[in-house]
Every structure is written in C-alpha cells, then in structure tokens.
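A.B. asks: Sending over a structure as structure tokens; questions will come in a sec.
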Amino acid sequence: MNTAYITARTPVDVAREVEAQLISGCRRFVLSELDGGGMIDLERLGAARYAAGLQVEVGLEGQSSPAGVSVGTSAAAGTR
C-alpha cells in the first residue's frame with residue numbers, strides 16, 4: 001500500500017495534496033503534526049479524511065487510532 005506523508009499547513013492545502021496523491025495511487029496518508037494534535041491538526045485531519053474518502057487510511061504522525069475512529073472520539077462517548 002502506497003503511503004503519502006502530508007506536510008501542508010492549511011486544511012485547504014492538505015485536501016489538495018491528498019487529492020493529488022490519490023490520483024497517483026496512494027491509499028494511506030500520514031499528516032505531519034503541527035501543534036501536538038490540537039485544533040489545527042484536527043482541522044487538517046478532517047480535511048484529509050474528507051478529501052480521501054472512506055476507503056483510505058488517514059492518520060496523524062505519531063498517533064494510532066483504530067480504523068474508522070476519528071481522533072478525539074472515545075469509547076465512552078455517547079454512553080450514560
């Protein structure tokens with residue numbers, strides 16, 4: 001599986017870079033971390049996931065989360 005390392009800083013640029021890499025065959029994307037997993041990284045991650053679609057893996061450098069689970073969600077979310 002081809003992996004692309006995305007270093008773009010803004011969500012718009014991240015989406016453009018992901019779209020370009022999809023065309024060249026990449027199916028896994030790792031975004032460089034800019035602010036320790038904070039809001040900027042989450043916005044960039046969302047843009048990458050939106051641009052990549054459902055059949056592609058997208059993650060943040062240095063973090064692991066199960067496939068299909070967005071960063072920032074927890075198993076306890078939605079339980080009472």
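Identifiers in the structure tokens: chain A, B, ... in order shown; residue index from 1 per chain; ligand index from 1 in order shown.
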Could you pull out the helix (DSSP H, G or I) residues of segment 1-33 of chain A, going by DSSP on the backbone, and write them as a list of chain:residue names?

C.D. replies: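 Restricting segment 1-33 of chain A to helix (DSSP H, G or I) produces A:Pro11, A:Val12, A:Asp13, A:Val14, A:Ala15, A:Arg16, A:Glu17, A:Val18, A:Glu19, A:Ala20, A:Gln21, A:Leu22, A:Ile23.
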
A.B. asks: Mind checking which residues fall within 7 Å of segment 48-62 of chain A, counting only C-alpha atoms, ignoring those fewer than 6 positions away in the same chain, and posting them as a list in words?

C.D. replies: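 In the requested format, the answer is Val14, Ala15, Val18, Glu19, Arg27, Arg28, Phe29, Val30, Leu31, Ser32 and Glu33 of chain A.
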
A.B. asks: Within 10 Å of Leu42 of chain A, counting only C-alpha atoms, which residues qualify if same-chain residues fewer than 2 places away don't, as a list in words?

C.D. replies: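 The residues that qualify are Pro11, Glu33, Asp35, Gly36, Gly37, Gly38, Met39, Ile40, Arg44, Leu45, Gly46, Ala47, Ala48, Leu60, Ser70, Val71 and Gly72 of chain A.
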
A.B. asks: Could you please determine the separation between atom CA of Ile6 of chain A and atom CA of Leu34 of chain A in Å, to one decimal place?

C.D. replies: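 So the answer is 11.2 Å.
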